[in-house]
Amino acid sequence: MEHSLQPRRTGPRSRVVVTAAAAIAGVAALGVSMFGGGPVERPDRPGTGLAVQLDALRGANDLVRATRAEVGRDPALYPTAYGRLEATLPTGQRTGGEPVPEIRPAALAQLARTDMLDTPAWRAQYVCLSLSASETSQGSDARRASGAPGTSGATDAADVLERAGLRARAEREALGYLRAPDPEDDATTSLATRAAFLQTVACLGRDDQVSPATLTRLAADTAQVDLPVPALYAVEALRAVGVRAHATRVLRHAGADLRRTDCAGPEPIQRAASALLRRQLTRQTRACLLPALHDPDTQTRWLVRRALALGASSTSSLPLPAPPVAVRSDGLVAKSPTQLGTLTATYNIARALTASGGQQRAPGWLKKALRRLGSDPGLDPSDRVLLAMTCHRLSLGCGPQAGKGARAAAERAVPARLTTENQHSWYGATAARAEFGLGCPRTSVESLAHEGDALPAPSLRVVVVLADAGCTTQARRLTEGTDLVAQARNALREGELGAASDAVQAALAADRSIAQSFWNELPALLEPYRDAEFPDLYADSPGGAASADATRAAYYLLA
């Protein structure tokens, strides 16, 4: 989960799974480094104003944003699912108010087809939640008050996914993960993903394909998990298919958390899930949850509102404010305009600072945010490795969560062979080993895709991360016969800064000779990529808005 403060990326994971293409684009930013290749004369090191200009990429959560461009208000699956669920919950003043606009199946199918952030199974999950919200708004008061998503509406969800061309792939992915979870996923991510996918296959009427042994294992893991949100989702998903489960470990500690007199403990979303598991809302918990009704994340607001509804019958409870979500006339919900940073973008900028010699000049707001995450016991486990990598790159002590991330990186196994199916886990594990200097893993890459005489961007990234991890022999072999410097020049002229940077790093990794004339031309070639307002930041293409990844790519070229 990227710490853009949803348990995000992300569905119950804050999003725990993304599409392979999006995932590789995210982790591809992790592996590029600089290598030898002999002494050459370079221009004076640029980027003296980089640290100051990073304010342009500062997110509302004090992490670095992926791009300076403002997030628009176009609809997306994640806010549509949780925004509709939130909008159907009672406020205490009323049980309805203005009816929530019905969702148009054609609009939802188009959104499921085009919102590429998530894999087919996760997109199916959000379709099911979106449609279950419509059923909840028309259901009984008891069901509406509970706020838990149902699993009916299989025909509608299946029809929408069929129209989107996703149904078969979504069912295959969800059932496959339930039967054999990804061994690279930590326990929390695995539980959250299985809970979501069980809910999805039940929504699509395919829960009869899930074996009793799979359900038993999920129930056992629910008892052992120590985070309330995935435990709650697992309990509810299992209950919907007739299996009783108990969040034993969470409930063991929930009482003390709910009675705390301060709000410095768990995040609001975890506190809300804990209250829902105990079916108890203390006065202290209510006071801590009320401000979260204005949280930018729709999933957080939905769970918080569900928890606050536990005290709705109390005569001393004031009515809750109406949900801030705006459901469009077609039933969809737009993204939140809040501009949040992510750990992936923050890591890219940490690398840019290092390449420009500004490692010690990282902004105070950024270092404070990283230390805060490193001390947060509620940090999603899937964020720990990237936090550790960022802090390591900046030589910054970030506390126990970063320490756990560094240990997880060392323990993470790199697959023995790179394949289409394992490219996400292979890349992430190799990049983590490279960051911490853990040496070349025992892995092989037999061949790479070519586009004529050139290596496409994904192949270049593989070469660079191999070399960064110390696998220089393989890196050289994979680039034989490719004019990487010519490819870099062409990429810059065609508006592809990231590909150009990767090509140069691959050339350096392979000990290719790079003429002095190239380094002399480089500042002029990069000039069109500089942000017009913040010239020490760079855009992905000429004339665009600055991005963290492009800025990293530029400084790796200029270093």
# chains A, B, ... in the order shown; residues from 1 in each chain; ligands from 1
call {"tool": "residues_around", "arguments": {"residues": "Trp365 in chain A", "least_positions_apart": "6", "cutoff": "9 Å", "atoms": "only C-alpha atoms", "output": "ChimeraX atom specification"}}
result
/A:58,62-63
call {"tool": "write_last_selection", "arguments": {"atoms": "N, CA and C atoms", "output": "CSV table (one decimal), in the first residue's frame"}}
result
chain,number,residue,atom,x,y,z
A,58,ARG,N,5.2,18.6,-3.1
A,58,ARG,CA,4.8,18.3,-1.7
A,58,ARG,C,3.4,17.9,-1.6
A,62,ASP,N,2.7,15.2,3.3
A,62,ASP,CA,4.1,15.5,3.4
A,62,ASP,C,5.0,14.4,2.8
A,63,LEU,N,4.5,13.6,1.9
A,63,LEU,CA,5.3,12.8,1.1
A,63,LEU,C,5.3,13.5,-0.3
call {"tool": "closest_atom_pairs", "arguments": {"of": "range 314-423 of chain A", "to": "range 102-117 of chain A", "cutoff": "12 Å", "atoms": "only C-alpha atoms", "output": "JSON lines"}}
result
{"residue": "A:Val327", "atom": "CA", "partner": "A:Ile103", "partner_atom": "CA", "distance": 9.3}
{"residue": "A:Arg328", "atom": "CA", "partner": "A:Ile103", "partner_atom": "CA", "distance": 8.9}
{"residue": "A:Ser329", "atom": "CA", "partner": "A:Glu102", "partner_atom": "CA", "distance": 7.8}
{"residue": "A:Asp330", "atom": "CA", "partner": "A:Arg104", "partner_atom": "CA", "distance": 5.5}
{"residue": "A:Gly331", "atom": "CA", "partner": "A:Ile103", "partner_atom": "CA", "distance": 3.9}
{"residue": "A:Leu332", "atom": "CA", "partner": "A:Ile103", "partner_atom": "CA", "distance": 6.6}
{"residue": "A:Val333", "atom": "CA", "partner": "A:Ile103", "partner_atom": "CA", "distance": 10.0}
{"residue": "A:Ala334", "atom": "CA", "partner": "A:Leu111", "partner_atom": "CA", "distance": 11.1}
{"residue": "A:Lys335", "atom": "CA", "partner": "A:Asp115", "partner_atom": "CA", "distance": 11.6}
call {"tool": "residues_around", "arguments": {"residues": "Tyr177 in chain A", "least_positions_apart": "3", "cutoff": "10 Å", "atoms": "only C-alpha atoms", "output": "NGL selection string"}}
result
:A and (121 or 171-174 or 180-182 or 190 or 193-194 or 197-198)
call {"tool": "write_last_selection", "arguments": {"atoms": "N, CA and C atoms", "output": "JSON list (two decimals), in the first residue's frame"}}
result
[["chain", "number", "residue", "atom", "x", "y", "z"],
["A", 121, "ALA", "N", -9.32, -8.68, -11.00],
["A", 121, "ALA", "CA", -10.04, -9.13, -9.80],
["A", 121, "ALA", "C", -10.34, -7.96, -8.87],
["A", 171, "GLU", "N", -12.49, -13.65, -12.50],
["A", 171, "GLU", "CA", -12.80, -14.90, -11.78],
["A", 171, "GLU", "C", -11.56, -15.79, -11.68],
["A", 172, "ARG", "N", -10.82, -15.87, -12.78],
["A", 172, "ARG", "CA", -9.62, -16.71, -12.78],
["A", 172, "ARG", "C", -8.59, -16.18, -11.77],
["A", 173, "GLU", "N", -8.38, -14.87, -11.74],
["A", 173, "GLU", "CA", -7.41, -14.28, -10.82],
["A", 173, "GLU", "C", -7.84, -14.46, -9.37],
["A", 174, "ALA", "N", -9.11, -14.18, -9.08],
["A", 174, "ALA", "CA", -9.59, -14.26, -7.70],
["A", 174, "ALA", "C", -9.54, -15.70, -7.18],
["A", 180, "ALA", "N", -4.12, -20.39, -4.06],
["A", 180, "ALA", "CA", -2.65, -20.34, -3.88],
["A", 180, "ALA", "C", -2.22, -18.89, -3.76],
["A", 181, "PRO", "N", -2.27, -18.31, -2.56],
["A", 181, "PRO", "CA", -1.86, -16.91, -2.39],
["A", 181, "PRO", "C", -0.42, -16.68, -2.80],
["A", 182, "ASP", "N", -0.11, -15.48, -3.22],
["A", 182, "ASP", "CA", 1.25, -15.12, -3.63],
["A", 182, "ASP", "C", 2.18, -15.27, -2.43],
["A", 190, "SER", "N", -1.89, -10.70, 2.32],
["A", 190, "SER", "CA", -2.52, -11.93, 1.85],
["A", 190, "SER", "C", -3.94, -12.07, 2.39],
["A", 193, "THR", "N", -6.28, -9.51, 0.74],
["A", 193, "THR", "CA", -6.56, -9.86, -0.65],
["A", 193, "THR", "C", -7.52, -11.04, -0.73],
["A", 194, "ARG", "N", -7.28, -12.07, 0.07],
["A", 194, "ARG", "CA", -8.18, -13.23, 0.05],
["A", 194, "ARG", "C", -9.59, -12.86, 0.50],
["A", 197, "PHE", "N", -11.20, -11.06, -2.42],
["A", 197, "PHE", "CA", -11.50, -11.94, -3.55],
["A", 197, "PHE", "C", -12.58, -12.96, -3.20],
["A", 198, "LEU", "N", -12.67, -13.36, -1.93],
["A", 198, "LEU", "CA", -13.79, -14.22, -1.53],
["A", 198, "LEU", "C", -15.10, -13.47, -1.69]]
call {"tool": "residues_around", "arguments": {"residues": "Pro46 in chain A", "least_positions_apart": "4", "cutoff": "8 Å", "atoms": "only C-alpha atoms", "output": "list in words"}}
result
Ser356, Tyr555, Leu558 and Ala559 of chain A
call {"tool": "write_last_selection", "arguments": {"atoms": "C-alpha atoms", "output": "tab-separated table (two decimals), in the first residue's frame"}}
result
chain	number	residue	atom	x	y	z
A	356	SER	CA	22.62	15.67	-7.57
A	555	TYR	CA	19.64	13.67	-12.52
A	558	LEU	CA	23.37	14.57	-15.43
A	559	ALA	CA	25.26	13.11	-12.47
call {"tool": "atom_distance", "arguments": {"atom1": "CA of Ala272 in chain A", "atom2": "CA of Leu215 in chain A"}}
result
25.2 Å
call {"tool": "residues_around", "arguments": {"residues": "Val210 in chain A", "least_positions_apart": "2", "cutoff": "10 Å", "atoms": "only C-alpha atoms", "output": "list in words"}}
result
Leu175, Gly176, Leu178, Arg179, Leu198, Val201, Ala202, Arg206, Asp207, Asp208, Pro212, Ala213, Thr214 and Leu215 of chain A
call {"tool": "closest_residue", "arguments": {"among": "A:Gly543, A:Gly165, A:Gly83, A:Pro101", "to": "Gln299 in chain A", "atoms": "only C-alpha atoms"}}
result
A:Gly83
call {"tool": "closest_residue", "arguments": {"among": "A:Ala491, A:Leu129, A:Ala234, A:Leu89", "to": "Ala309 in chain A", "atoms": "only C-alpha atoms"}}
result
A:Leu89
call {"tool": "closest_residue", "arguments": {"among": "A:His450, A:Arg477, A:His253, A:Arg167", "to": "Cys128 in chain A", "atoms": "only C-alpha atoms"}}
result
A:Arg167
call {"tool": "closest_residue", "arguments": {"among": "A:Arg489, A:Arg361, A:Arg407, A:Arg552", "to": "Ala524 in chain A", "atoms": "only C-alpha atoms"}}
result
A:Arg489
call {"tool": "select_by_dssp", "arguments": {"residues": "range 222-322 of chain A", "states": "helix (DSSP H, G or I)", "output": "PyMOL selection string"}}
result
chain A and resi 222-224+228-240+248-258+268-278+283-294+298-311
call {"tool": "closest_residue", "arguments": {"among": "A:Cys398, A:Met389, A:Ala406, A:Leu448", "to": "Thr420 in chain A", "atoms": "only C-alpha atoms"}}
result
A:Leu448
call {"tool": "residues_around", "arguments": {"residues": "Pro363 in chain A", "least_positions_apart": "6", "cutoff": "12 Å", "atoms": "only C-alpha atoms", "output": "PDB file with N, CA, C and O atoms, in the first residue's frame"}}
result
ATOM      1  N   GLY A  49      19.208  23.819  -6.681  1.00  0.00           N
ATOM      2  CA  GLY A  49      17.932  24.287  -6.140  1.00  0.00           C
ATOM      3  C   GLY A  49      16.881  23.209  -6.019  1.00  0.00           C
ATOM      4  O   GLY A  49      15.722  23.505  -5.722  1.00  0.00           O
ATOM      5  N   LEU A  50      17.271  21.943  -6.246  1.00  0.00           N
ATOM      6  CA  LEU A  50      16.291  20.853  -6.247  1.00  0.00           C
ATOM      7  C   LEU A  50      15.548  20.748  -4.932  1.00  0.00           C
ATOM      8  O   LEU A  50      14.314  20.657  -4.896  1.00  0.00           O
ATOM      9  N   ALA A  51      16.276  20.747  -3.817  1.00  0.00           N
ATOM     10  CA  ALA A  51      15.633  20.540  -2.512  1.00  0.00           C
ATOM     11  C   ALA A  51      14.589  21.616  -2.233  1.00  0.00           C
ATOM     12  O   ALA A  51      13.496  21.332  -1.720  1.00  0.00           O
ATOM     13  N   VAL A  52      14.903  22.851  -2.583  1.00  0.00           N
ATOM     14  CA  VAL A  52      13.964  23.951  -2.338  1.00  0.00           C
ATOM     15  C   VAL A  52      12.736  23.816  -3.229  1.00  0.00           C
ATOM     16  O   VAL A  52      11.594  24.010  -2.788  1.00  0.00           O
ATOM     17  N   GLN A  53      12.956  23.460  -4.498  1.00  0.00           N
ATOM     18  CA  GLN A  53      11.838  23.384  -5.438  1.00  0.00           C
ATOM     19  C   GLN A  53      10.953  22.163  -5.221  1.00  0.00           C
ATOM     20  O   GLN A  53       9.877  22.061  -5.824  1.00  0.00           O
ATOM     21  N   LEU A  54      11.375  21.256  -4.336  1.00  0.00           N
ATOM     22  CA  LEU A  54      10.532  20.091  -4.050  1.00  0.00           C
ATOM     23  C   LEU A  54       9.204  20.466  -3.415  1.00  0.00           C
ATOM     24  O   LEU A  54       8.270  19.662  -3.390  1.00  0.00           O
ATOM     25  N   ASP A  55       9.079  21.680  -2.908  1.00  0.00           N
ATOM     26  CA  ASP A  55       7.789  22.126  -2.384  1.00  0.00           C
ATOM     27  C   ASP A  55       6.695  22.013  -3.446  1.00  0.00           C
ATOM     28  O   ASP A  55       5.516  21.838  -3.114  1.00  0.00           O
ATOM     29  N   ALA A  56       7.084  22.108  -4.719  1.00  0.00           N
ATOM     30  CA  ALA A  56       6.102  21.997  -5.797  1.00  0.00           C
ATOM     31  C   ALA A  56       5.518  20.594  -5.894  1.00  0.00           C
ATOM     32  O   ALA A  56       4.442  20.394  -6.461  1.00  0.00           O
ATOM     33  N   LEU A  57       6.230  19.599  -5.360  1.00  0.00           N
ATOM     34  CA  LEU A  57       5.755  18.211  -5.383  1.00  0.00           C
ATOM     35  C   LEU A  57       5.299  17.743  -4.003  1.00  0.00           C
ATOM     36  O   LEU A  57       5.008  16.568  -3.821  1.00  0.00           O
ATOM     37  N   ARG A  58       5.216  18.645  -3.053  1.00  0.00           N
ATOM     38  CA  ARG A  58       4.845  18.268  -1.684  1.00  0.00           C
ATOM     39  C   ARG A  58       3.372  17.901  -1.616  1.00  0.00           C
ATOM     40  O   ARG A  58       2.489  18.656  -2.029  1.00  0.00           O
ATOM     41  N   ASP A  62       2.696  15.237   3.306  1.00  0.00           N
ATOM     42  CA  ASP A  62       4.127  15.524   3.434  1.00  0.00           C
ATOM     43  C   ASP A  62       5.015  14.445   2.833  1.00  0.00           C
ATOM     44  O   ASP A  62       6.199  14.357   3.176  1.00  0.00           O
ATOM     45  N   LEU A  63       4.474  13.640   1.940  1.00  0.00           N
ATOM     46  CA  LEU A  63       5.286  12.806   1.068  1.00  0.00           C
ATOM     47  C   LEU A  63       5.318  13.471  -0.312  1.00  0.00           C
ATOM     48  O   LEU A  63       4.577  14.412  -0.573  1.00  0.00           O
ATOM     49  N   VAL A  64       6.182  12.979  -1.187  1.00  0.00           N
ATOM     50  CA  VAL A  64       6.329  13.571  -2.512  1.00  0.00           C
ATOM     51  C   VAL A  64       5.248  13.020  -3.445  1.00  0.00           C
ATOM     52  O   VAL A  64       4.987  11.818  -3.473  1.00  0.00           O
ATOM     53  N   THR A 346       8.408   9.425  -3.453  1.00  0.00           N
ATOM     54  CA  THR A 346       9.381   9.910  -2.475  1.00  0.00           C
ATOM     55  C   THR A 346      10.729   9.220  -2.669  1.00  0.00           C
ATOM     56  O   THR A 346      11.785   9.847  -2.589  1.00  0.00           O
ATOM     57  N   ILE A 349      12.562  10.716  -5.615  1.00  0.00           N
ATOM     58  CA  ILE A 349      13.172  12.004  -5.295  1.00  0.00           C
ATOM     59  C   ILE A 349      14.391  11.814  -4.394  1.00  0.00           C
ATOM     60  O   ILE A 349      15.384  12.539  -4.510  1.00  0.00           O
ATOM     61  N   ALA A 350      14.353  10.833  -3.503  1.00  0.00           N
ATOM     62  CA  ALA A 350      15.535  10.544  -2.686  1.00  0.00           C
ATOM     63  C   ALA A 350      16.706  10.172  -3.586  1.00  0.00           C
ATOM     64  O   ALA A 350      17.852  10.587  -3.351  1.00  0.00           O
ATOM     65  N   LEU A 353      17.946  13.375  -5.320  1.00  0.00           N
ATOM     66  CA  LEU A 353      18.760  14.180  -4.400  1.00  0.00           C
ATOM     67  C   LEU A 353      20.168  13.601  -4.277  1.00  0.00           C
ATOM     68  O   LEU A 353      21.166  14.331  -4.281  1.00  0.00           O
ATOM     69  N   ALA A 369       8.190  13.542   7.883  1.00  0.00           N
ATOM     70  CA  ALA A 369       7.139  12.596   7.480  1.00  0.00           C
ATOM     71  C   ALA A 369       7.662  11.168   7.454  1.00  0.00           C
ATOM     72  O   ALA A 369       6.971  10.234   7.889  1.00  0.00           O
ATOM     73  N   LEU A 370       8.885  10.979   6.966  1.00  0.00           N
ATOM     74  CA  LEU A 370       9.450   9.632   6.918  1.00  0.00           C
ATOM     75  C   LEU A 370       9.672   9.079   8.321  1.00  0.00           C
ATOM     76  O   LEU A 370       9.402   7.901   8.594  1.00  0.00           O
ATOM     77  N   LEU A 394      18.613   8.139   1.860  1.00  0.00           N
ATOM     78  CA  LEU A 394      18.872   9.457   2.435  1.00  0.00           C
ATOM     79  C   LEU A 394      19.753   9.389   3.684  1.00  0.00           C
ATOM     80  O   LEU A 394      19.971  10.421   4.329  1.00  0.00           O
TER      81      LEU A 394
END
call {"tool": "residues_around", "arguments": {"residues": "Ser444 in chain A", "least_positions_apart": "3", "cutoff": "8 Å", "atoms": "only C-alpha atoms", "output": "compact mmCIF listing (two decimals) with N, CA and C atoms, in the first residue's frame"}}
result
# COMPACT_ATOMS: atom_id res chain seq x y z
N ALA A 416 14.07 -17.61 -9.22
CA ALA A 416 15.25 -18.14 -9.90
C ALA A 416 15.31 -17.74 -11.37
N ARG A 417 14.14 -17.52 -11.98
CA ARG A 417 14.09 -17.09 -13.38
C ARG A 417 13.06 -15.99 -13.52
N LEU A 418 13.36 -15.02 -14.38
CA LEU A 418 12.39 -13.97 -14.69
C LEU A 418 11.41 -14.49 -15.74
N GLN A 474 25.50 -10.76 -16.55
CA GLN A 474 24.22 -10.91 -17.23
C GLN A 474 23.83 -9.62 -17.92
call {"tool": "atom_distance", "arguments": {"atom1": "CA of Gln360 in chain A", "atom2": "CA of Ala388 in chain A"}}
result
17.0 Å
call {"tool": "closest_residue", "arguments": {"among": "A:Ala273, A:Ala133, A:Ala499, A:Val127", "to": "Ala76 in chain A", "atoms": "only C-alpha atoms"}}
result
A:Val127
